[in-house]
Amino acid sequence: MVTITSDPIDVAAVLERVRSPRAGAVVLFLGTAREFTGPRRTESLQYECYGEMAEKKLAELEAEAGRRWPLTGCALVHRVGRVPLGEVSVAVAVSSSHREEAFAAGKWLIDTLKQVVPIWKKENWADGTSDWVHPGVTDGPSKERLT
């Protein structure tokens with residue numbers, strides 16, 4: 001299951017999508033909008049993407065994870081638009097017969113998703129400024145300021 005949505009992510013539905021009587025392990029990762037990045041207070045996050053391209057890349061990751069690990073289920077859901085503090089911006093869920101494979105696949109999926117899927121994040125700061133950030137490009141806010 002690969003989904004990009006502007007709605008809040010239904011975590012229970014994501015988990016239900018990967019649950020199976022054949023699975024002894026279900027691993028769920030939720031990326032949430034945190035209040036502080038270093039010393040700066042965040043007001044909200046904003047995600048944008050080119051939907052077709054991002055969904056295609058997510059589907060490629062889902063297929064690759066299925067080749068690398070014996071998964072019984074996989075779900076990748078990313079939210080776009082404004083994400084308030086504390087809300088979920090990305091959900092990665094996998095199920096497998098054993099926990100080792102489920103943990104490895106889940107970690108690989110979120111790490112790779114953040115690096116290669118064309119979804120862009122803007123941090124809207126409490127002081128009224130904004131920064132576009134990308135984990136593959138910088139370790140923190142970009143040098144370019146948006147106001």
# chains A, B, ... in the order shown; residues from 1 in each chain; ligands from 1

call {"tool": "select_by_dssp", "arguments": {"residues": "chain A", "states": "strand (DSSP E)", "output": "VMD selection string"}}
result
chain A and resid 2 to 5 25 to 32 36 to 37 40 to 49 71 to 79 81 to 84 88 to 96 119 to 125 130 to 133

call {"tool": "residues_around", "arguments": {"residues": "A:Arg22", "least_positions_apart": "4", "cutoff": "9 Å", "atoms": "only C-alpha atoms", "output": "list in words"}}
result
Thr72, Ser95, Ser96 and Ser97 of chain A

call {"tool": "closest_residue", "arguments": {"among": "A:Leu113, A:Ala93, A:Ala23, A:Cys49", "to": "A:Pro70", "atoms": "only C-alpha atoms"}}
result
A:Ala23

call {"tool": "residues_around", "arguments": {"residues": "A:Val83", "least_positions_apart": "2", "cutoff": "8 Å", "atoms": "only C-alpha atoms", "output": "list in words"}}
result
Ala33, Ser44, Leu45, Gln46, Tyr47, Arg79, Val80, Gly81, Leu85, Glu87, Val88 and Ser89 of chain A

call {"tool": "residues_around", "arguments": {"residues": "A:Glu55", "least_positions_apart": "5", "cutoff": "10 Å", "atoms": "only C-alpha atoms", "output": "PyMOL selection string"}}
result
chain A and resi 2-4+49-50+60-61+76-78+117-119

call {"tool": "closest_residue", "arguments": {"among": "A:Asp131, A:Val27, A:Asp10, A:Gln115", "to": "A:Ala54", "atoms": "only C-alpha atoms"}}
result
A:Gln115

call {"tool": "select_by_dssp", "arguments": {"residues": "chain A", "states": "alpha helix (DSSP H)", "output": "ChimeraX atom specification"}}
result
/A:11-18,51-68,99-116

call {"tool": "write_last_selection", "arguments": {"atoms": "C-alpha atoms", "output": "PDB file, in the first residue's frame"}}
result
ATOM      1  CA  VAL A  11      -2.635   5.001  11.927  1.00  0.00           C
ATOM      2  CA  ALA A  12      -5.075   2.200  12.816  1.00  0.00           C
ATOM      3  CA  ALA A  13      -5.882   1.698   9.122  1.00  0.00           C
ATOM      4  CA  VAL A  14      -2.170   1.581   8.238  1.00  0.00           C
ATOM      5  CA  LEU A  15      -1.572  -1.112  10.872  1.00  0.00           C
ATOM      6  CA  GLU A  16      -4.626  -3.082   9.793  1.00  0.00           C
ATOM      7  CA  ARG A  17      -3.345  -3.034   6.224  1.00  0.00           C
ATOM      8  CA  VAL A  18      -0.180  -4.993   7.159  1.00  0.00           C
ATOM      9  CA  GLY A  51       2.307  13.216  -6.626  1.00  0.00           C
ATOM     10  CA  GLU A  52       2.829  10.836  -9.550  1.00  0.00           C
ATOM     11  CA  MET A  53       6.589  10.837  -9.188  1.00  0.00           C
ATOM     12  CA  ALA A  54       6.506  10.439  -5.396  1.00  0.00           C
ATOM     13  CA  GLU A  55       3.979   7.574  -5.551  1.00  0.00           C
ATOM     14  CA  LYS A  56       6.073   5.816  -8.187  1.00  0.00           C
ATOM     15  CA  LYS A  57       9.184   6.087  -6.013  1.00  0.00           C
ATOM     16  CA  LEU A  58       7.285   4.852  -2.944  1.00  0.00           C
ATOM     17  CA  ALA A  59       6.034   1.856  -4.953  1.00  0.00           C
ATOM     18  CA  GLU A  60       9.619   1.105  -6.015  1.00  0.00           C
ATOM     19  CA  LEU A  61      10.716   1.145  -2.368  1.00  0.00           C
ATOM     20  CA  GLU A  62       7.839  -1.127  -1.384  1.00  0.00           C
ATOM     21  CA  ALA A  63       8.812  -3.609  -4.125  1.00  0.00           C
ATOM     22  CA  GLU A  64      12.512  -3.473  -3.206  1.00  0.00           C
ATOM     23  CA  ALA A  65      11.732  -4.113   0.468  1.00  0.00           C
ATOM     24  CA  GLY A  66       9.705  -7.150  -0.608  1.00  0.00           C
ATOM     25  CA  ARG A  67      12.705  -8.465  -2.536  1.00  0.00           C
ATOM     26  CA  ARG A  68      15.132  -7.874   0.348  1.00  0.00           C
ATOM     27  CA  ARG A  99      10.860  -9.239  14.175  1.00  0.00           C
ATOM     28  CA  GLU A 100      14.414  -9.017  12.854  1.00  0.00           C
ATOM     29  CA  GLU A 101      13.245  -8.774   9.239  1.00  0.00           C
ATOM     30  CA  ALA A 102      10.409  -6.418  10.128  1.00  0.00           C
ATOM     31  CA  PHE A 103      12.703  -4.012  12.005  1.00  0.00           C
ATOM     32  CA  ALA A 104      15.362  -4.102   9.263  1.00  0.00           C
ATOM     33  CA  ALA A 105      12.827  -3.470   6.496  1.00  0.00           C
ATOM     34  CA  GLY A 106      11.113  -0.662   8.406  1.00  0.00           C
ATOM     35  CA  LYS A 107      14.391   1.125   9.128  1.00  0.00           C
ATOM     36  CA  TRP A 108      15.573   0.775   5.537  1.00  0.00           C
ATOM     37  CA  LEU A 109      12.248   2.045   4.204  1.00  0.00           C
ATOM     38  CA  ILE A 110      12.089   5.237   6.278  1.00  0.00           C
ATOM     39  CA  ASP A 111      15.781   6.028   5.811  1.00  0.00           C
ATOM     40  CA  THR A 112      15.608   5.500   2.046  1.00  0.00           C
ATOM     41  CA  LEU A 113      12.245   7.249   1.683  1.00  0.00           C
ATOM     42  CA  LYS A 114      13.666  10.407   3.269  1.00  0.00           C
ATOM     43  CA  GLN A 115      16.634  10.343   0.881  1.00  0.00           C
ATOM     44  CA  VAL A 116      15.089   9.479  -2.493  1.00  0.00           C
TER      45      VAL A 116
END

call {"tool": "closest_residue", "arguments": {"among": "A:Ser20, A:Thr5, A:Thr37, A:Thr42", "to": "A:Trp125", "atoms": "only C-alpha atoms"}}
result
A:Thr42

call {"tool": "atom_distance", "arguments": {"atom1": "atom CA of A:Gly38", "atom2": "atom CA of A:Pro8"}}
result
25.7 Å

call {"tool": "atom_distance", "arguments": {"atom1": "atom CA of A:Gly24", "atom2": "atom CA of A:Trp69"}}
result
14.1 Å
